[in-house]
Amino acid sequence: MSANRYPTPELKDLPDDIKARVLEVQEKSGFVPNVFLALARRPAEWRAFFAYHDALMLKQEGSLTKGDREMIVTTTSAANGCLYCVVAHGAILRIYEKKPLVADQVAVNYRKADISARQRAMLDFAMKVCLHSSEIADPDFESLHAHGFSDEDIWDIAAITAFFGLSNRMASFSNMQPNPEFYMMGRVPRQK
């Protein structure tokens, strides 16, 4: 694999707030995901990116689980051809869902994945937002309502899809590579 097209800053050179967040992530996961350093070359954009990321992915309101959110990211990132996001978010998805095969299944063909009918409806909508957002119409909402999604949940599905469309394109054009650690996460029991 070739390197990122843009140089990544050294941890020691980052602004204090960004450095603190990166160190927090490193403490929790045992490594620094490449996206944190790759985007830190532009601190104002880094702050905006992660503020919106956290608002979407860490929120407590609504009926979307953490696994649902990661499933949306993995599925739509695969449709966008983003290696980094499929591998990184697929790893997180495996952990949240406690299913070692689910990330691979939804990345390749979510319609045949071992997921619920509710999750399939969610991903149908996410994929329509991803690939054909101008065609979203009332029947798309009705289908989701039938599975118990509120209008706010539907907004979350669309916002996650749209945000990661940005993320996918930034990762792909800059040649951001997934950390090797992501490939095995959630596939085998964690060493204690």
# chains A, B, ... in the order shown; residues from 1 in each chain; ligands from 1
$ residues_around --residues "Arg94 in chain A" --least-positions-apart "3" --cutoff "8 Å" --atoms "only C-alpha atoms" --output "list of chain:residue names"
A:Gly90, A:Ala91, A:Glu97, A:Lys98, A:Lys99, A:Pro100, A:Leu101, A:Val102, A:Ala103, A:Met185, A:Gly186, A:Arg187
$ select_by_dssp --residues "chain A" --states "alpha helix (DSSP H)" --output "ChimeraX atom specification"
/A:16-29,34-38,43-57,66-79,83-97,102-109,117-132,138-146,151-173,180-184
$ closest_atom_pairs --of "range 24-93 of chain A" --to "range 153-170 of chain A" --cutoff "9 Å" --atoms "only C-alpha atoms" --output "JSON lines"
{"residue": "A:Leu39", "atom": "CA", "partner": "A:Met170", "partner_atom": "CA", "distance": 9.0}
{"residue": "A:Phe49", "atom": "CA", "partner": "A:Ser167", "partner_atom": "CA", "distance": 8.7}
{"residue": "A:Tyr52", "atom": "CA", "partner": "A:Phe163", "partner_atom": "CA", "distance": 8.2}
{"residue": "A:His53", "atom": "CA", "partner": "A:Phe163", "partner_atom": "CA", "distance": 7.7}
{"residue": "A:Leu56", "atom": "CA", "partner": "A:Ile160", "partner_atom": "CA", "distance": 6.4}
{"residue": "A:Met57", "atom": "CA", "partner": "A:Ile160", "partner_atom": "CA", "distance": 7.7}
{"residue": "A:Glu61", "atom": "CA", "partner": "A:Asp153", "partner_atom": "CA", "distance": 8.8}
{"residue": "A:Gly62", "atom": "CA", "partner": "A:Asp153", "partner_atom": "CA", "distance": 5.8}
{"residue": "A:Ser63", "atom": "CA", "partner": "A:Asp153", "partner_atom": "CA", "distance": 6.5}
{"residue": "A:Leu64", "atom": "CA", "partner": "A:Asp153", "partner_atom": "CA", "distance": 6.7}
{"residue": "A:Arg69", "atom": "CA", "partner": "A:Ile160", "partner_atom": "CA", "distance": 7.3}
{"residue": "A:Ile72", "atom": "CA", "partner": "A:Thr161", "partner_atom": "CA", "distance": 6.7}
{"residue": "A:Val73", "atom": "CA", "partner": "A:Phe164", "partner_atom": "CA", "distance": 6.5}
{"residue": "A:Thr76", "atom": "CA", "partner": "A:Thr161", "partner_atom": "CA", "distance": 6.6}
{"residue": "A:Ser77", "atom": "CA", "partner": "A:Asn168", "partner_atom": "CA", "distance": 6.2}
{"residue": "A:Asn80", "atom": "CA", "partner": "A:Asn168", "partner_atom": "CA", "distance": 6.8}
{"residue": "A:Gly81", "atom": "CA", "partner": "A:Asn168", "partner_atom": "CA", "distance": 7.8}
{"residue": "A:Cys82", "atom": "CA", "partner": "A:Asn168", "partner_atom": "CA", "distance": 5.3}
{"residue": "A:Leu83", "atom": "CA", "partner": "A:Asn168", "partner_atom": "CA", "distance": 8.4}
{"residue": "A:Tyr84", "atom": "CA", "partner": "A:Asn168", "partner_atom": "CA", "distance": 7.8}
{"residue": "A:Cys85", "atom": "CA", "partner": "A:Asn168", "partner_atom": "CA", "distance": 6.6}
$ write_last_selection --atoms "C-alpha atoms" --output "short mmCIF file (atom, residue, chain, number, x, y, z; two decimals), in the first residue's frame"
data_model
loop_
_atom_site.label_atom_id
_atom_site.label_comp_id
_atom_site.auth_asym_id
_atom_site.auth_seq_id
_atom_site.Cartn_x
_atom_site.Cartn_y
_atom_site.Cartn_z
CA LEU A 39 -7.09 15.40 9.09
CA PHE A 49 -15.23 17.31 11.26
CA TYR A 52 -20.14 16.80 13.56
CA HIS A 53 -18.93 13.19 13.69
CA LEU A 56 -24.06 12.08 14.77
CA MET A 57 -22.30 9.00 16.04
CA GLU A 61 -31.43 10.29 21.44
CA GLY A 62 -33.42 8.30 18.91
CA SER A 63 -33.76 4.61 18.25
CA LEU A 64 -30.58 4.04 16.22
CA ARG A 69 -24.92 3.82 12.93
CA ILE A 72 -24.91 2.70 7.81
CA VAL A 73 -21.31 3.90 7.58
CA THR A 76 -22.57 3.34 2.28
CA SER A 77 -18.77 3.56 2.46
CA ASN A 80 -18.57 4.83 -2.28
CA GLY A 81 -15.50 2.59 -2.60
CA CYS A 82 -13.82 3.91 0.55
CA LEU A 83 -11.30 1.36 1.80
CA TYR A 84 -10.47 3.30 4.96
CA CYS A 85 -14.04 3.69 6.18
#
$ closest_residue --among "A:Ile92, A:Ala171, A:Met127, A:Ala107" --to "Met184 in chain A" --atoms "only C-alpha atoms"
A:Ile92
$ closest_residue --among "A:Lys28, A:Arg47, A:Arg120, A:Lys19" --to "Met71 in chain A" --atoms "only C-alpha atoms"
A:Arg120
$ residues_around --residues "Asp13 in chain A" --least-positions-apart "4" --cutoff "12 Å" --atoms "only C-alpha atoms" --output "list in words"
Thr8, Pro9, Asp17, Ile18, Lys19, Ala20, Leu37, Ala40, Arg41 and Pro43 of chain A
$ closest_residue --among "A:Pro15, A:Ala38, A:Arg118, A:Glu27" --to "Ser174 in chain A" --atoms "only C-alpha atoms"
A:Ala38
$ atom_distance --atom1 "CA of Asp16 in chain A" --atom2 "CA of Ala55 in chain A"
21.3 Å
$ closest_residue --among "A:Pro139, A:Gln105, A:Leu11, A:Asp54" --to "Phe36 in chain A" --atoms "only C-alpha atoms"
A:Leu11
$ closest_residue --among "A:Phe50, A:Asn34, A:Lys128, A:Gln119" --to "Gly67 in chain A" --atoms "only C-alpha atoms"
A:Gln119
$ atom_distance --atom1 "CA of Asn179 in chain A" --atom2 "CA of Val32 in chain A"
8.3 Å
$ residues_around --residues "Ser143 in chain A" --least-positions-apart "6" --cutoff "12 Å" --atoms "only C-alpha atoms" --output "PyMOL selection string"
chain A and resi 117-125+136-137+149-151+154
$ write_last_selection --atoms "N, CA and C atoms" --output "compact mmCIF listing (two decimals), in the first residue's frame"
# COMPACT_ATOMS: atom_id res chain seq x y z
N ALA A 117 -34.99 -7.20 9.55
CA ALA A 117 -35.77 -6.51 8.51
C ALA A 117 -35.73 -5.00 8.75
N ARG A 118 -35.73 -4.59 10.00
CA ARG A 118 -35.65 -3.17 10.34
C ARG A 118 -34.33 -2.59 9.85
N GLN A 119 -33.23 -3.28 10.12
CA GLN A 119 -31.91 -2.81 9.66
C GLN A 119 -31.84 -2.79 8.13
N ARG A 120 -32.44 -3.77 7.48
CA ARG A 120 -32.45 -3.81 6.02
C ARG A 120 -33.20 -2.59 5.47
N ALA A 121 -34.33 -2.24 6.06
CA ALA A 121 -35.08 -1.05 5.63
C ALA A 121 -34.24 0.21 5.84
N MET A 122 -33.55 0.27 6.97
CA MET A 122 -32.67 1.40 7.27
C MET A 122 -31.58 1.53 6.21
N LEU A 123 -30.99 0.41 5.84
CA LEU A 123 -29.91 0.43 4.84
C LEU A 123 -30.45 0.69 3.44
N ASP A 124 -31.66 0.21 3.13
CA ASP A 124 -32.28 0.56 1.84
C ASP A 124 -32.37 2.08 1.71
N PHE A 125 -32.83 2.72 2.78
CA PHE A 125 -32.97 4.18 2.77
C PHE A 125 -31.60 4.85 2.69
N ILE A 136 -35.60 10.66 -3.18
CA ILE A 136 -36.28 10.37 -1.92
C ILE A 136 -37.68 10.99 -1.96
N ALA A 137 -38.68 10.19 -1.57
CA ALA A 137 -40.08 10.64 -1.61
C ALA A 137 -40.83 10.10 -0.40
N PHE A 149 -39.19 3.67 12.85
CA PHE A 149 -38.29 4.82 12.82
C PHE A 149 -39.10 6.11 12.88
N SER A 150 -38.67 7.05 13.68
CA SER A 150 -39.29 8.37 13.74
C SER A 150 -38.68 9.25 12.64
N ASP A 151 -39.29 10.40 12.44
CA ASP A 151 -38.72 11.35 11.47
C ASP A 151 -37.32 11.79 11.89
N ILE A 154 -34.92 9.12 10.91
CA ILE A 154 -34.71 9.18 9.46
C ILE A 154 -33.71 10.29 9.13
$ closest_residue --among "A:Ala113, A:Cys130, A:Leu144, A:Val87" --to "Glu181 in chain A" --atoms "only C-alpha atoms"
A:Val87
$ atom_distance --atom1 "CA of Arg111 in chain A" --atom2 "CA of Lys59 in chain A"
26.8 Å
